[in-house]
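Peer 1: Got a file for you: protein09.csv, CSV, C-alpha atoms.
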chain,number,residue,atom,x,y,z
A,1,THR,CA,-59.9,-39.4,-10.4
A,2,VAL,CA,-61.8,-39.1,-7.1
A,3,VAL,CA,-65.5,-40.1,-7.1
A,4,GLY,CA,-67.3,-39.1,-3.9
A,5,GLY,CA,-64.2,-39.1,-1.9
A,6,PHE,CA,-63.1,-42.5,-3.3
A,7,LEU,CA,-60.2,-43.1,-5.6
A,8,LEU,CA,-60.9,-44.2,-9.1
A,9,LEU,CA,-57.7,-45.7,-10.4
A,10,SER,CA,-56.3,-45.0,-13.9
A,11,PRO,CA,-54.9,-47.9,-16.1
A,12,LEU,CA,-51.4,-47.0,-15.0
A,13,ALA,CA,-52.0,-46.1,-11.4
A,14,GLN,CA,-49.4,-47.2,-8.9
A,15,VAL,CA,-51.2,-50.2,-7.4
A,16,ALA,CA,-50.6,-53.9,-7.4
A,17,ALA,CA,-51.0,-55.1,-10.9
A,18,GLU,CA,-49.7,-57.6,-13.5
A,19,PRO,CA,-45.9,-57.0,-13.8
A,20,MET,CA,-46.1,-56.8,-17.6
A,21,ALA,CA,-48.6,-53.9,-17.5
A,22,ASN,CA,-46.3,-52.0,-15.2
A,23,ASN,CA,-43.5,-52.3,-17.8
A,24,VAL,CA,-45.5,-50.3,-20.4
A,25,PRO,CA,-44.1,-46.8,-19.7
A,26,GLY,CA,-40.5,-48.2,-20.0
A,27,ALA,CA,-41.3,-50.1,-23.1
A,28,VAL,CA,-42.9,-47.1,-24.8
A,29,SER,CA,-40.0,-44.8,-23.9
A,30,GLU,CA,-37.3,-47.2,-25.1
A,31,ASP,CA,-38.7,-48.6,-28.3
A,32,GLY,CA,-41.1,-47.6,-31.1
A,33,LEU,CA,-43.7,-49.2,-33.2
A,34,GLU,CA,-41.0,-50.8,-35.4
A,35,LYS,CA,-40.2,-53.2,-32.5
A,36,TRP,CA,-43.6,-53.8,-31.0
A,37,VAL,CA,-45.9,-54.2,-34.0
A,38,PRO,CA,-44.1,-57.3,-35.4
A,39,ARG,CA,-44.2,-58.9,-32.0
A,40,ALA,CA,-47.9,-58.0,-31.7
A,41,GLU,CA,-48.6,-59.4,-35.1
A,42,ALA,CA,-46.8,-62.6,-34.2
A,43,GLY,CA,-49.3,-63.0,-31.3
A,44,GLU,CA,-47.4,-61.7,-28.3
A,45,VAL,CA,-50.2,-60.4,-26.0
A,46,PHE,CA,-48.1,-57.9,-24.1
A,47,ALA,CA,-46.9,-56.5,-27.4
A,48,MET,CA,-50.5,-56.1,-28.4
A,49,TYR,CA,-51.2,-54.1,-25.2
A,50,VAL,CA,-48.1,-51.9,-25.7
A,51,VAL,CA,-49.1,-51.1,-29.3
A,52,GLY,CA,-52.6,-50.4,-28.2
A,53,TYR,CA,-51.3,-48.1,-25.5
A,54,MET,CA,-48.9,-46.3,-27.9
A,55,TYR,CA,-51.6,-45.6,-30.5
A,56,SER,CA,-54.3,-44.7,-27.9
A,57,ASN,CA,-52.1,-42.2,-26.1
A,58,GLY,CA,-50.0,-41.0,-29.0
A,59,GLU,CA,-46.8,-42.0,-27.2
A,60,ASN,CA,-43.9,-42.8,-29.5
A,61,ALA,CA,-46.5,-43.2,-32.2
A,62,PRO,CA,-49.1,-41.0,-34.0
A,63,ARG,CA,-52.3,-40.9,-31.9
A,64,ASP,CA,-54.8,-43.2,-33.5
A,65,VAL,CA,-57.5,-44.3,-31.1
A,66,ALA,CA,-59.2,-46.6,-33.5
A,67,LYS,CA,-55.9,-48.6,-34.0
A,68,GLY,CA,-55.3,-48.5,-30.3
A,69,LEU,CA,-58.7,-49.9,-29.5
A,70,GLU,CA,-58.3,-52.6,-32.2
A,71,TRP,CA,-55.1,-53.8,-30.6
A,72,HIS,CA,-56.5,-53.7,-27.1
A,73,TYR,CA,-59.4,-55.8,-28.3
A,74,ARG,CA,-57.0,-58.3,-29.8
A,75,ALA,CA,-55.2,-58.6,-26.4
A,76,ALA,CA,-58.5,-58.7,-24.5
A,77,GLU,CA,-59.7,-61.6,-26.7
A,78,ARG,CA,-56.7,-63.5,-25.4
A,79,GLY,CA,-57.7,-62.7,-21.8
A,80,TYR,CA,-55.3,-59.9,-21.1
A,81,ALA,CA,-56.9,-58.0,-18.3
A,82,PRO,CA,-55.0,-54.6,-18.7
A,83,SER,CA,-56.4,-54.3,-22.2
A,84,LYS,CA,-59.9,-55.1,-20.9
A,85,LEU,CA,-59.4,-52.2,-18.4
A,86,ALA,CA,-58.1,-49.9,-21.1
A,87,ILE,CA,-61.1,-50.6,-23.3
A,88,ALA,CA,-63.4,-49.9,-20.3
A,89,ASN,CA,-61.7,-46.6,-19.6
A,90,MET,CA,-61.9,-45.5,-23.2
A,91,TYR,CA,-65.7,-46.1,-23.3
A,92,LEU,CA,-66.2,-44.5,-19.9
A,93,ASP,CA,-64.3,-41.3,-20.9
A,94,GLY,CA,-65.3,-41.2,-24.5
A,95,ASP,CA,-61.6,-41.1,-25.3
A,96,GLY,CA,-61.6,-41.2,-29.1
A,97,VAL,CA,-64.8,-43.3,-29.1
A,98,ALA,CA,-68.4,-42.5,-28.3
A,99,LYS,CA,-69.1,-42.7,-24.6
A,100,ASP,CA,-70.9,-45.9,-23.8
A,101,ARG,CA,-71.7,-46.6,-20.2
A,102,ALA,CA,-73.0,-50.1,-20.8
A,103,LYS,CA,-69.9,-51.1,-22.7
A,104,ALA,CA,-67.7,-49.5,-20.2
A,105,LEU,CA,-69.3,-51.4,-17.3
A,106,ALA,CA,-69.3,-54.7,-19.1
A,107,TRP,CA,-65.5,-54.3,-19.8
A,108,TYR,CA,-64.8,-53.3,-16.2
A,109,GLU,CA,-66.7,-56.5,-15.1
A,110,ARG,CA,-64.7,-58.7,-17.5
A,111,ALA,CA,-61.4,-57.2,-16.3
A,112,ALA,CA,-62.4,-57.4,-12.6
A,113,LYS,CA,-63.5,-61.1,-12.9
A,114,THR,CA,-60.0,-62.0,-14.0
A,115,GLY,CA,-58.7,-60.9,-10.5
A,116,TYR,CA,-57.1,-57.8,-11.8
A,117,VAL,CA,-56.8,-55.4,-8.9
A,118,ARG,CA,-56.9,-52.2,-10.8
A,119,ALA,CA,-60.1,-53.2,-12.5
A,120,GLN,CA,-61.7,-54.4,-9.3
A,121,ALA,CA,-60.9,-51.1,-7.5
A,122,ASN,CA,-62.2,-49.1,-10.5
A,123,LEU,CA,-65.4,-51.1,-10.7
A,124,ALA,CA,-66.0,-50.7,-7.0
A,125,ALA,CA,-65.6,-46.9,-7.3
A,126,ILE,CA,-68.0,-46.8,-10.2
A,127,TYR,CA,-70.6,-48.7,-8.2
A,128,LEU,CA,-70.5,-46.0,-5.6
A,129,GLY,CA,-72.4,-44.0,-8.1
A,130,ASN,CA,-71.7,-40.7,-10.0
A,131,GLU,CA,-73.3,-38.6,-12.7
A,132,GLN,CA,-73.2,-41.6,-15.0
A,133,PHE,CA,-74.0,-44.5,-12.8
A,134,GLU,CA,-76.6,-45.3,-10.1
A,135,PRO,CA,-75.0,-46.4,-6.9
A,136,ASP,CA,-74.9,-50.1,-6.0
A,137,TYR,CA,-73.2,-50.2,-2.6
A,138,ALA,CA,-73.4,-54.0,-2.2
A,139,ARG,CA,-71.4,-54.5,-5.4
A,140,SER,CA,-69.1,-51.7,-4.6
A,141,PHE,CA,-68.3,-53.3,-1.2
A,142,TYR,CA,-67.8,-56.7,-2.9
A,143,TRP,CA,-65.2,-55.4,-5.4
A,144,PHE,CA,-63.4,-53.2,-2.9
A,145,ARG,CA,-63.2,-56.3,-0.7
A,146,GLN,CA,-61.8,-58.4,-3.5
A,147,ALA,CA,-59.1,-55.8,-4.3
A,148,ALA,CA,-58.2,-55.3,-0.6
A,149,ALA,CA,-57.7,-59.0,-0.2
A,150,GLN,CA,-55.0,-58.7,-2.8
A,151,GLY,CA,-53.2,-56.1,-0.8
A,152,ASP,CA,-54.6,-52.9,-2.4
A,153,ASP,CA,-54.4,-50.3,0.5
A,154,GLN,CA,-56.7,-47.8,-1.1
A,155,SER,CA,-59.4,-50.5,-1.4
A,156,ARG,CA,-59.0,-51.4,2.3
A,157,TYR,CA,-59.2,-47.7,3.2
A,158,ASN,CA,-62.4,-47.5,1.1
A,159,LEU,CA,-63.9,-50.5,2.9
A,160,GLY,CA,-63.2,-48.7,6.2
A,161,LEU,CA,-65.1,-45.6,4.9
A,162,MET,CA,-68.0,-47.8,3.7
A,163,HIS,CA,-68.3,-49.3,7.2
A,164,SER,CA,-68.2,-45.9,8.8
A,165,SER,CA,-70.8,-44.6,6.4
A,166,GLY,CA,-73.1,-47.6,6.5
A,167,TRP,CA,-72.7,-48.2,2.7
A,168,GLY,CA,-72.9,-51.8,1.6
A,169,VAL,CA,-73.3,-53.0,5.2
A,170,PRO,CA,-76.4,-53.3,7.3
A,171,LYS,CA,-75.5,-50.3,9.5
A,172,ARG,CA,-72.7,-47.9,10.4
A,173,ASP,CA,-70.0,-49.8,12.1
A,174,TYR,CA,-67.2,-47.6,13.6
A,175,VAL,CA,-65.5,-50.6,15.2
A,176,ALA,CA,-65.1,-52.5,11.9
A,177,ALA,CA,-64.0,-49.3,10.2
A,178,TYR,CA,-61.3,-48.6,12.8
A,179,ALA,CA,-60.1,-52.2,12.6
A,180,LEU,CA,-59.7,-52.1,8.9
A,181,LEU,CA,-57.7,-48.9,9.0
A,182,VAL,CA,-55.3,-49.7,11.8
A,183,PRO,CA,-52.8,-51.6,9.5
A,184,LEU,CA,-52.9,-48.8,7.0
A,185,GLY,CA,-52.2,-46.2,9.7
A,186,GLU,CA,-49.2,-48.3,10.8
A,187,ARG,CA,-47.9,-48.1,7.3
A,188,GLY,CA,-48.2,-44.3,7.3
A,189,HIS,CA,-51.3,-44.0,5.0
A,190,GLU,CA,-52.2,-40.4,5.6
A,191,GLN,CA,-55.9,-40.7,4.8
A,192,ALA,CA,-56.2,-43.6,7.1
A,193,LEU,CA,-54.4,-41.8,9.9
A,194,THR,CA,-56.9,-38.9,9.6
A,195,ALA,CA,-59.8,-41.2,9.7
A,196,LEU,CA,-58.5,-43.2,12.6
A,197,SER,CA,-58.2,-40.0,14.6
A,198,GLN,CA,-61.8,-39.0,13.8
A,199,LEU,CA,-63.1,-42.5,14.6
A,200,ARG,CA,-61.3,-42.8,17.9
A,201,GLY,CA,-63.5,-40.1,19.3
A,202,LEU,CA,-66.6,-42.1,18.4
A,203,LEU,CA,-65.5,-45.3,20.1
A,204,SER,CA,-66.0,-46.2,23.7
A,205,GLU,CA,-63.1,-47.8,25.5
A,206,ALA,CA,-64.8,-51.2,25.1
A,207,ASP,CA,-65.4,-50.7,21.4
A,208,TYR,CA,-61.8,-49.4,21.0
A,209,SER,CA,-60.5,-52.6,22.6
A,210,LEU,CA,-62.7,-54.7,20.3
A,211,ALA,CA,-61.5,-52.7,17.2
A,212,LEU,CA,-57.9,-53.4,18.1
A,213,ASN,CA,-58.6,-57.0,18.6
A,214,LEU,CA,-60.3,-57.2,15.2
A,215,ALA,CA,-57.4,-55.3,13.6
A,216,GLU,CA,-55.0,-58.0,14.6
A,217,ARG,CA,-57.3,-60.7,13.1
A,218,TRP,CA,-57.9,-58.7,9.9
A,219,ARG,CA,-54.3,-57.8,9.4
A,220,ASP,CA,-53.6,-60.5,6.8
A,221,ASP,CA,-55.0,-59.4,3.5
A,222,GLU,CA,-55.3,-62.9,2.2
A,223,ASN,CA,-57.8,-63.9,4.9
A,224,LEU,CA,-59.7,-60.6,4.8
A,225,ILE,CA,-62.7,-61.9,2.8
A,226,VAL,CA,-63.3,-64.8,5.1
A,227,MET,CA,-62.8,-62.6,8.2
A,228,LEU,CA,-65.3,-60.0,7.0
A,229,GLU,CA,-67.9,-62.6,6.0
A,230,GLN,CA,-67.7,-64.2,9.4
A,231,TYR,CA,-67.9,-60.8,11.1
A,232,ALA,CA,-71.0,-59.9,9.0
A,233,ALA,CA,-72.7,-63.1,9.8
A,234,LEU,CA,-72.2,-62.6,13.6
A,235,SER,CA,-73.3,-59.0,13.3
A,236,ARG,CA,-76.7,-59.8,11.8
Using the file provided, produce a representation of the structure as structure tokens.

Peer 2:
Amino acid sequence: TVVGGFLLLSPLAQVAAEPMANNVPGAVSEDGLEKWVPRAEAGEVFAMYVVGYMYSNGENAPRDVAKGLEWHYRAAERGYAPSKLAIANMYLDGDGVAKDRAKALAWYERAAKTGYVRAQANLAAIYLGNEQFEPDYARSFYWFRQAAAQGDDQSRYNLGLMHSSGWGVPKRDYVAAYALLVPLGERGHEQALTALSQLRGLLSEADYSLALNLAERWRDDENLIVMLEQYAALSR
């Protein structure tokens, strides 16, 4: 789903995520409830998630959203982030349950705070604002930054857009935007390549040189949070 030009990731989007969550489609296609329900009832958290997914989506099982939600809740109570995200999405979309923005947001927060990249990116996109939520650019920036620091390219791209738009930052900053997008462009990220081309025309030679210098320093995702915080402090 795209919200205001930003990507809202689905529970099974192809981004960095917990390996077990990525195994769900294969697990569902290979085995039915007769395998997974006993394991879920025995307390295996991944099995709880699989059963919740199967019931919620009607895959290899009769669609029963109430049962799916019940199993996701059981996994979430044991701290399993993908189930927390699944619950959030169900409440956001009104998928078999009454739409509830407050519950959806609370579950996105719970999932994001575990460090789950998908949840962090989804929460960041929601805080950009849409027909259901008022924008909170500071929180959006925070969660995109958290996800980008774990290597999520789309979140890094969105941070670049936020800098170029002046959202969640004190002012428009084409230098920082360009610097954030350079590593993505080198990896062939099409949206980033388009944005880089547009931003280049807005930079003086001095600013372009500065952006390239920053790009080298900001290349390492693991240090991105510290680097951006230091840059923001110097820019005040």

Peer 1: Which value, in Å to one decimal, gives the distance between atom CA of Val182 of chain A and atom CA of Ala147 of chain A?

Peer 2: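 According to the coordinates, atom CA of Val182 of chain A and atom CA of Ala147 of chain A are separated by 17.6 Å.
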
Peer 1: Hey, which of A:Ala66, A:Ala61, A:Leu123, A:Leu228 ends up closest to Val169 of chain A? Count all atoms listed in the file.

Peer 2: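 For Val169 of chain A, the nearest of the candidates is A:Leu228.
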
Peer 1: If we count all atoms listed in the file, what is near Leu161 of chain A at a cut-off of 8 Å, once residues fewer than 4 positions away on the same chain are taken out, given as a PDB file with C-alpha atoms, in the coordinates of the input?

Peer 2:
ATOM      1  CA  TYR A 157     -59.200 -47.700   3.200  1.00  0.00           C
ATOM      2  CA  SER A 165     -70.800 -44.600   6.400  1.00  0.00           C
ATOM      3  CA  ALA A 177     -64.000 -49.300  10.200  1.00  0.00           C
TER       4      ALA A 177
END

Peer 1: Could you work out how far atom CA of Gln132 of chain A lies from atom CA of Tyr73 of chain A, giving the answer in Å with one decimal?

Peer 2: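 The value is 23.9 Å.
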
Peer 1: Which polymer residues have any atom within 8 Å of an atom of Tyr174 of chain A, counting all atoms listed in the file, with same-chain residues fewer than 5 positions away left out, as a PyMOL selection string?

Peer 2: chain A and resi 163-164+199+202-203

Peer 1: Write the selection just made, keeping C-alpha atoms, as a compact mmCIF listing (two decimals), keeping the file's coordinate frame?

Peer 2:
# COMPACT_ATOMS: atom_id res chain seq x y z
CA HIS A 163 -68.30 -49.30 7.20
CA SER A 164 -68.20 -45.90 8.80
CA LEU A 199 -63.10 -42.50 14.60
CA LEU A 202 -66.60 -42.10 18.40
CA LEU A 203 -65.50 -45.30 20.10

Peer 1: List the spatial neighbours of Leu214 of chain A as a list in words - criterion: any atom at most 8 Å away, all atoms listed in the file, same-chain residues fewer than 4 positions off excluded.

Peer 2: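 Here the qualifying residues turn out to be Ala176, Ala179, Leu210 and Trp218 of chain A.
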
Peer 1: Would you list the contacts of segment 86-88 of chain A as a ChimeraX atom specification, taking every protein, DNA or RNA residue within 7 Å and counting all atoms listed in the file, but skipping same-chain residues closer than 6 positions in sequence?

Peer 2: /A:11,69,72,104-105,107-108

Peer 1: Identify which of the residues A:His189, A:Leu224, A:Gly166, A:Asn89 lies closest to Gln150 of chain A, counting all atoms listed in the file when measuring atom-to-atom distances.

Peer 2: A:Leu224

Peer 1: Please identify all polymer residues within 8 Å of Ala215 of chain A, counting all atoms listed in the file, omitting same-chain residues fewer than 4 positions from it, and present them as a list in words.

Peer 2: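 Counting only the stated atoms, we get Tyr178, Ala179, Leu180, Leu181, Val182, Pro183, Ala211 and Arg219 of chain A.
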
Peer 1: Here is a test: counting only C-alpha atoms, which residue of A:Val175, A:Val51, A:Leu85, A:Ala125 is nearest to Ala206 of chain A?

Peer 2: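 Smallest distance to Ala206 of chain A is found for A:Val175.
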
Peer 1: For Lys171 of chain A, which residue out of A:Ser235, A:Ala75, A:Glu70, A:Asp95 is the nearest one, using all atoms listed in the file?

Peer 2: A:Ser235

Peer 1: Find the distance between atom CA of Met227 of chain A and atom CA of Ala81 of chain A and write it in Å to one decimal.

Peer 2: 27.5 Å

Peer 1: Please return as an MDAnalysis selection string every residue within 12 Å of (-67.3, -59.1, -0.5), taking into account only C-alpha atoms and the file's own coordinates.

Peer 2: chainID A and resid 120 124 137:149 155:156 159 168:169 223:232

Peer 1: Closest to Gly151 of chain A among A:Val97, A:Ala112, A:Glu222, A:Ser56, using only C-alpha atoms?

Peer 2: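 Residue with the minimum atom-to-atom distance to Gly151 of chain A: A:Glu222.
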